[in-house]
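Worksheet: one structure, shown below.
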Amino acid sequence: MTKLLSLQGAMLVLGLALSGCELGEVPQGQKVDVEEGPCGRAMFVVSIDQDYASTSVSVVGWDGEVKSAGMLSSGSETSGLSVTLSGDVVAPTERFGLGKILLIDRYPASVLTVLDPARAKVESQINVQTGNYPLNPRDALLAREDALYVSRYNRNPDAGQEPFDEGSDVLVVALSTGEPIGRVDLTAAMAGAPSGFLPRPDRMVLRGGLVYVLLGVYSTDFKSTHDARLAVVDPARDEVVGSFVLDGARGCSGLAASADGSRIAVSCSGNFGGSSKPDTTGAGVFVLDRAADGSLSEKLRIPAASFGDEPLSFSLAFGSNDVVIASTFGALDELTGETERDDRLVEIDLATTSVRELLRSTGEPFTIGDIRCGEACGVCFVADAGLGGLQMLSLDETGHVKSAELVPVDDGTGLPPRYIGAY
């Protein structure tokens, strides 16, 4: 087991985080105008406080340079926000492109925010609610040139009051107007599932002209889960054209696709059943091969036993076609609140199915966040809320991690980084 984080880096970020907490007023970040590169323009980092009440957005280059700290925050007054950012803001799984940053304000806001980093201004905010029930958007991507897809996790128990208000679906939004223009009904992908289970669509990726939507498949009360599955959607028709069942997979929320689109990986935590500690039966990493026609087949599955019987987290990424970077959830003692187990960041060699530990959380669990790789740039980044920065992982020519460096992200408020997006 190799722990790549240096003590010097940990001390450095601790000092920066403490000095940031003393600044008080949130600084307005710098404008950022970056040219398109092999991995896009840049990344953006979503930092959220421990109580999930405040959010800050910073821009970081693929070389690790912090280009603008605190460009947008819940306290911004001159950025163009009409709906204040809550503390449940995440980054899309896929790079949004178009030179803009896309933010997803999940529950209960149900708002997408489009931020222009070149002007450090909000361009638009899009309400994806429809109806009076919080539908909890989980992910968003540019499915075609003129339309956004938004996965909505919850089902509206009082649907039919206005167009497209059903939920547990994919909402289609016109990019030019921000208005909903349709929905993708995921019922066809649920064939064979027991009655009483909802699709619960989560992360999405676009490869080969098709959108792959991860379905968590939970009961209405979330106490039971069934086989997770992937719905295959044709964005030209806004219809499900195929599906793949992950037999035995439970509690699946992590989704990634290799850069060339030939492989898709899913991470699963197991069945929580109303508890904070899941039954890890059905947890692990599932790797699928994607054929030229878009169909899927299971390549391999790496069960929780390979990770010390620890539940997999909600994020993973490909370092190359044969390497996946993933993380496991730590645990707190339910009586004392003390750390019982650390989060772990791991590297999975798909050719050998071997698992290598890269680093652990510091101080408390649930602080290793989003993982984002730029295969073309030979680097992966991991949000490290415990140390107040990003772990920058340099990759060798095969996609394996060869070194790590901590990049402090000080937005002036001390908010810890949790999610990483790209544009």
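Numbering starts fresh at 1 for the residues of each chain in the structure tokens, the chains themselves are lettered A, B, ... in the order given, and ligands are numbered from 1 as they appear.
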- [ ] For stretch 200-211 of chain A, work out the shell of residues within 6 Å, counting only C-alpha atoms and skipping chain neighbours fewer than 3 positions away, then give it as number ranges by chain.
- [x] A: 138-139, 151, 153, 168, 214-217, 232-234, 261
Near A:Lys31, within 9 Å and counting only C-alpha atoms, which residues show up once chain neighbours fewer than 2 positions away are dropped, as a PDB file with N, CA and C atoms, in the first residue's frame?
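Generated output (part21.pdb):
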```
ATOM      1  N   GLY A  29     -14.128  36.325  -7.960  1.00  0.00           N
ATOM      2  CA  GLY A  29     -13.031  35.709  -8.694  1.00  0.00           C
ATOM      3  C   GLY A  29     -12.722  36.419 -10.007  1.00  0.00           C
ATOM      4  N   ASP A  33     -10.454  33.231 -19.489  1.00  0.00           N
ATOM      5  CA  ASP A  33     -10.676  32.945 -20.907  1.00  0.00           C
ATOM      6  C   ASP A  33      -9.576  31.997 -21.365  1.00  0.00           C
ATOM      7  N   LYS A  67      -6.906  29.190 -11.643  1.00  0.00           N
ATOM      8  CA  LYS A  67      -7.037  30.365 -12.496  1.00  0.00           C
ATOM      9  C   LYS A  67      -7.985  31.406 -11.914  1.00  0.00           C
ATOM     10  N   SER A  68      -8.956  30.956 -11.151  1.00  0.00           N
ATOM     11  CA  SER A  68      -9.892  31.885 -10.521  1.00  0.00           C
ATOM     12  C   SER A  68     -10.507  31.212  -9.318  1.00  0.00           C
ATOM     13  N   MET A  71     -14.993  32.309  -8.115  1.00  0.00           N
ATOM     14  CA  MET A  71     -15.606  33.082  -9.188  1.00  0.00           C
ATOM     15  C   MET A  71     -17.085  33.332  -8.934  1.00  0.00           C
ATOM     16  N   ASP A 116     -20.693  31.918 -17.470  1.00  0.00           N
ATOM     17  CA  ASP A 116     -19.701  32.255 -18.485  1.00  0.00           C
ATOM     18  C   ASP A 116     -18.417  32.662 -17.770  1.00  0.00           C
ATOM     19  N   PRO A 117     -17.392  31.800 -17.765  1.00  0.00           N
ATOM     20  CA  PRO A 117     -16.168  32.140 -17.026  1.00  0.00           C
ATOM     21  C   PRO A 117     -15.386  33.291 -17.648  1.00  0.00           C
ATOM     22  N   ALA A 118     -15.569  33.524 -18.945  1.00  0.00           N
ATOM     23  CA  ALA A 118     -14.853  34.624 -19.591  1.00  0.00           C
ATOM     24  C   ALA A 118     -15.351  35.976 -19.104  1.00  0.00           C
ATOM     25  N   ARG A 119     -16.582  36.014 -18.580  1.00  0.00           N
ATOM     26  CA  ARG A 119     -17.126  37.261 -18.025  1.00  0.00           C
ATOM     27  C   ARG A 119     -17.351  37.172 -16.523  1.00  0.00           C
ATOM     28  N   ALA A 120     -17.142  35.978 -15.960  1.00  0.00           N
ATOM     29  CA  ALA A 120     -17.424  35.732 -14.542  1.00  0.00           C
ATOM     30  C   ALA A 120     -18.847  36.138 -14.199  1.00  0.00           C
ATOM     31  N   LYS A 121     -19.759  35.817 -15.108  1.00  0.00           N
ATOM     32  CA  LYS A 121     -21.166  36.187 -14.946  1.00  0.00           C
ATOM     33  C   LYS A 121     -22.069  34.991 -15.249  1.00  0.00           C
TER      34      LYS A 121
END
```
- [ ] Give me the residues within 6 Å of A:Val172 as a list in words, counting only C-alpha atoms and dropping any in the same chain fewer than 4 places off.
- [x]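 Listed by chain and then number, they are Leu148, Tyr149, Pro180, Ile181, Gly182 and Arg183 of chain A.
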Produce a table with one row for each residue of stretch 310-359 of chain A that has an atom at most 12 Å from any atom of stretch 83-93 of chain A, each row naming the nearest atom pair and its distance in Å at one decimal; use only C-alpha atoms; arrange rows by chain and rising residue number; format as CSV.
```
residue,atom,partner,partner_atom,distance
A:Phe314,CA,A:Thr93,CA,10.9
A:Ser315,CA,A:Thr93,CA,9.0
A:Leu316,CA,A:Thr93,CA,10.0
A:Ala317,CA,A:Thr93,CA,9.8
```
Can you write out the residues you just picked, keeping N, CA and C atoms, as a PDB file, in the first residue's frame?
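Below you can see out_33.pdb, which holds the result:
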```pdb
ATOM      1  N   PHE A 314     -19.557   7.374  -5.073  1.00  0.00           N
ATOM      2  CA  PHE A 314     -20.411   7.802  -6.177  1.00  0.00           C
ATOM      3  C   PHE A 314     -19.628   8.330  -7.376  1.00  0.00           C
ATOM      4  N   SER A 315     -18.308   8.183  -7.377  1.00  0.00           N
ATOM      5  CA  SER A 315     -17.520   8.747  -8.476  1.00  0.00           C
ATOM      6  C   SER A 315     -16.374   7.818  -8.839  1.00  0.00           C
ATOM      7  N   LEU A 316     -16.098   7.705 -10.130  1.00  0.00           N
ATOM      8  CA  LEU A 316     -14.943   6.982 -10.641  1.00  0.00           C
ATOM      9  C   LEU A 316     -14.625   7.514 -12.021  1.00  0.00           C
ATOM     10  N   ALA A 317     -13.429   7.196 -12.536  1.00  0.00           N
ATOM     11  CA  ALA A 317     -13.022   7.720 -13.837  1.00  0.00           C
ATOM     12  C   ALA A 317     -11.969   6.811 -14.453  1.00  0.00           C
TER      13      ALA A 317
END
```
- [ ] Would you return as number ranges by chain the members of stretch 27-274 of chain A that DSSP assigns to strand (DSSP E) on this structure's backbone?
- [x] A: 43-48, 55-60, 66-73, 89-90, 101-105, 111-116, 121-127, 137-144, 147-155, 167-174, 180-184, 197-198, 201-207, 210-215, 218-219, 228-234, 239-246, 252-257, 263-268
TODO: Tell me which of A:Glu145, A:Glu35, A:Asp384, A:Asp309 sits closest to A:Gly369, counting only C-alpha atoms.
DONE: A:Asp384
Open item on the list: Applying 12 Å and only C-alpha atoms, which residues near A:Ser219 remain after dropping the ones on its own chain fewer than 2 positions away? List them as a count of residues only.
Closed with: 25
- [ ] Could you check which of A:Val213, A:Val285, A:Leu81, A:Ala256 is closest to A:Arg95, using only C-alpha atoms?
- [x]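 The answer is A:Ala256, which sits nearest to A:Arg95.
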Open item on the list: Taking only C-alpha atoms into account, name the residue in A:Lys277, A:Arg418, A:Lys402, A:Arg356 that is nearest to A:Ile371.
Closed with: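 Using only C-alpha atoms, the shortest distance to A:Ile371 belongs to A:Arg418.
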TODO: Using only C-alpha atoms, pick whichever of A:Gly40, A:Gly131, A:Gly248, A:Gly389 has the shortest atom-to-atom distance to A:Arg229.
DONE: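 So, comparing all the options, the nearest one is A:Gly248.
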Open item on the list: I'd like the contact shell of stretch 323-337 of chain A - 9 Å cut-off, only C-alpha atoms, skipping same-chain residues fewer than 4 positions apart - returned as an MDAnalysis selection string.
Closed with: chainID A and resid 265 267 269 276:277 285 307 310:319 341:351 361 364:369 371:373 380 398:401
Open item on the list: Considering only C-alpha atoms, can you say which of A:Gly160, A:Phe96, A:Val122, A:Ala385 comes closest to A:Leu142?
Closed with: A:Phe96
- [ ] Could you check which of A:Tyr419, A:Tyr133, A:Phe44, A:Tyr212 is closest to A:Phe244, using only C-alpha atoms?
- [x]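 Distance minimum relative to A:Phe244 lands on A:Tyr212.
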Open item on the list: If I take atom CA of A:Ala109 and atom CA of A:Asn127, how far is one from the other in Å, to one decimal?
Closed with: 8.2 Å
Quick one: residues within 6 Å of A:Gln391, only C-alpha atoms, excluding same-chain residues fewer than 4 positions away - as a short mmCIF file (atom, residue, chain, number, x, y, z; two decimals) with C-alpha atoms, in the first residue's frame?
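So out_22.cif came out as:
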```cif
data_model
loop_
_atom_site.label_atom_id
_atom_site.label_comp_id
_atom_site.auth_asym_id
_atom_site.auth_seq_id
_atom_site.Cartn_x
_atom_site.Cartn_y
_atom_site.Cartn_z
CA PHE A 381 -7.82 15.15 -10.18
CA VAL A 382 -9.59 14.18 -6.96
CA GLU A 405 0.59 16.47 -5.65
CA LEU A 406 -1.84 18.47 -3.56
#
```
- [ ] Assign secondary structure with DSSP using the backbone only, and return the residues of stretch 166-394 of chain A in helix (DSSP H, G or I) as a PyMOL selection string.
- [x] chain A and resi 187-190+304-307+375-377
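If you look at atom CA of A:Asp289 and atom CA of A:Ser262, they are 5.9 Å away from each other.
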